[in-house]
Amino acid sequence: MLSQTAFASNIDFSFTGAGSISGSGVFTVATTADPTIDDITGITGTFSDPGDGVSGTISGLVASAYSNVCPGAANFSQAGYTYDNLYYPSGSPAICAFDYPPHGGVLDIFGVLFNVNDAGKIYTVDLWSNGVLSGTEPSYAFSLAKGATTINDGVGGNGVPLSSFTITPEPGNLWVVGIALAGMIAWRLRKTSSAPIA
């Protein structure tokens, strides 16, 4: 449910995990009526899980209904993984605090679901944050499936933990922020210089 004044921007992401697992690309996000939540509307990039023989181009987002309500409102993939395709610039809240209090990642515990095209074979990757479990940085994990069949879901079905996950707003987004900041400074200086001297 996007607001009428939705603003789209791009955010670079990359991640790595054991066994040379890696992924990188760009999230396209749009603002929502809630200033703490953005809707992920697109994704491009690459994904590689050599241990499971899957490597290819990220070929698109799996559509979702906008919701971050727990329980019962998340979308489910064919393999049974939850996702909501939401992005939290300042960190996700404890959506399911009654049974899972950790929170704080730019993705929530439902995550984002996208397709990977490996030489014509289509896989789905569910990428999410488990929140801050220890220390100060949130942890991230993923699950890999082909249709309704799970390919890799880590130990005990808890997802494959990632050793690193980074995001960087693209320079164009920083440029817009810089222009806005420069405008505010110029306005403030002009207001200060035109103030009467006592």
# chains A, B, ... in the order shown; residues from 1 in each chain; ligands from 1
>>> residues_around(residues="Asp126 of chain A", least_positions_apart="4", cutoff="6 Å", atoms="only C-alpha atoms", output="list of chain:residue names")
A:Val112, A:Leu113, A:Phe142, A:Ser143
>>> residues_around(residues="Pro89 of chain A", least_positions_apart="5", cutoff="10 Å", atoms="only C-alpha atoms", output="ChimeraX atom specification")
/A:35-38,104-107
>>> closest_residue(among="A:Leu86, A:Ala18, A:Ala74, A:Ala79", to="Ala30 of chain A", atoms="only C-alpha atoms")
A:Leu86
>>> residues_around(residues="segment 150-155 of chain A", least_positions_apart="4", cutoff="10 Å", atoms="only C-alpha atoms", output="list in words")
Asp49, Gly51, Asp52, Gly53, Val54, Gln78, Ala79, Gly80, Tyr81, Tyr123, Thr124, Val125, Asp126, Ala141, Phe142, Ser143, Leu144, Ala145, Lys146, Gly159, Val160 and Pro161 of chain A
>>> write_last_selection(atoms="C-alpha atoms", output="short mmCIF file (atom, residue, chain, number, x, y, z; two decimals), in the first residue's frame")
data_model
loop_
_atom_site.label_atom_id
_atom_site.label_comp_id
_atom_site.auth_asym_id
_atom_site.auth_seq_id
_atom_site.Cartn_x
_atom_site.Cartn_y
_atom_site.Cartn_z
CA ASP A 49 25.65 -21.03 -3.61
CA GLY A 51 27.85 -26.01 -2.44
CA ASP A 52 24.36 -26.57 -3.83
CA GLY A 53 25.38 -25.94 -7.45
CA VAL A 54 23.26 -22.81 -7.86
CA GLN A 78 5.74 -22.38 -2.54
CA ALA A 79 8.31 -23.95 -0.19
CA GLY A 80 6.57 -22.42 2.84
CA TYR A 81 8.92 -19.53 3.62
CA TYR A 123 15.19 -20.92 -7.84
CA THR A 124 13.81 -18.75 -5.05
CA VAL A 125 15.90 -17.20 -2.30
CA ASP A 126 14.32 -15.93 0.91
CA ALA A 141 20.19 -15.65 6.83
CA PHE A 142 18.64 -17.14 3.70
CA SER A 143 16.88 -20.24 2.43
CA LEU A 144 17.10 -21.61 -1.10
CA ALA A 145 14.32 -23.54 -2.85
CA LYS A 146 13.21 -24.72 -6.28
CA GLY A 159 18.21 -20.80 7.47
CA VAL A 160 21.77 -20.49 6.21
CA PRO A 161 23.54 -17.86 8.34
#
>>> closest_residue(among="A:Trp128, A:Thr41, A:Leu133, A:Thr32", to="Phe165 of chain A", atoms="only C-alpha atoms")
A:Trp128
>>> select_by_dssp(residues="segment 49-184 of chain A", states="strand (DSSP E)", output="number ranges by chain")
A: 49, 54-61, 75-76, 82-83, 86-87, 112-118, 121-131, 139-146, 149-152, 160-161, 164-169
>>> closest_residue(among="A:Glu170, A:Asp12, A:Asp84, A:Asp108", to="Gly45 of chain A", atoms="only C-alpha atoms")
A:Asp12
>>> residues_around(residues="Gly17 of chain A", least_positions_apart="2", cutoff="8 Å", atoms="only C-alpha atoms", output="ChimeraX atom specification")
/A:15,19-22,161-164
>>> write_last_selection(atoms="C-alpha atoms", output="compact mmCIF listing (two decimals), in the first residue's frame")
# COMPACT_ATOMS: atom_id res chain seq x y z
CA PHE A 15 26.38 -10.62 1.42
CA GLY A 19 31.29 -22.17 1.38
CA SER A 20 31.76 -19.16 -0.91
CA ILE A 21 28.07 -18.23 -0.74
CA SER A 22 27.61 -14.72 -2.07
CA PRO A 161 23.54 -17.86 8.34
CA LEU A 162 25.46 -15.14 6.52
CA SER A 163 28.84 -13.95 7.75
CA SER A 164 28.38 -10.45 6.28
>>> residues_around(residues="His103 of chain A", least_positions_apart="6", cutoff="9 Å", atoms="only C-alpha atoms", output="PDB file with C-alpha atoms, in the first residue's frame")
ATOM      1  CA  GLY A  91      15.995  -1.055  11.617  1.00  0.00           C
ATOM      2  CA  SER A  92      12.983  -3.343  11.876  1.00  0.00           C
ATOM      3  CA  PRO A  93      10.737  -3.426  14.949  1.00  0.00           C
ATOM      4  CA  ALA A  94      10.043  -6.569  16.971  1.00  0.00           C
ATOM      5  CA  ILE A  95       7.170  -7.650  14.731  1.00  0.00           C
ATOM      6  CA  ALA A  97       7.733  -9.843  19.946  1.00  0.00           C
ATOM      7  CA  ILE A 109      12.141 -11.745  10.173  1.00  0.00           C
ATOM      8  CA  SER A 129      17.242 -10.679   9.276  1.00  0.00           C
ATOM      9  CA  ASN A 130      17.168 -12.555  12.567  1.00  0.00           C
ATOM     10  CA  GLY A 131      17.740  -9.242  14.346  1.00  0.00           C
ATOM     11  CA  VAL A 132      20.444  -8.477  16.890  1.00  0.00           C
ATOM     12  CA  LEU A 133      21.236 -11.783  18.596  1.00  0.00           C
ATOM     13  CA  PRO A 138      21.909  -7.751  13.272  1.00  0.00           C
TER      14      PRO A 138
END
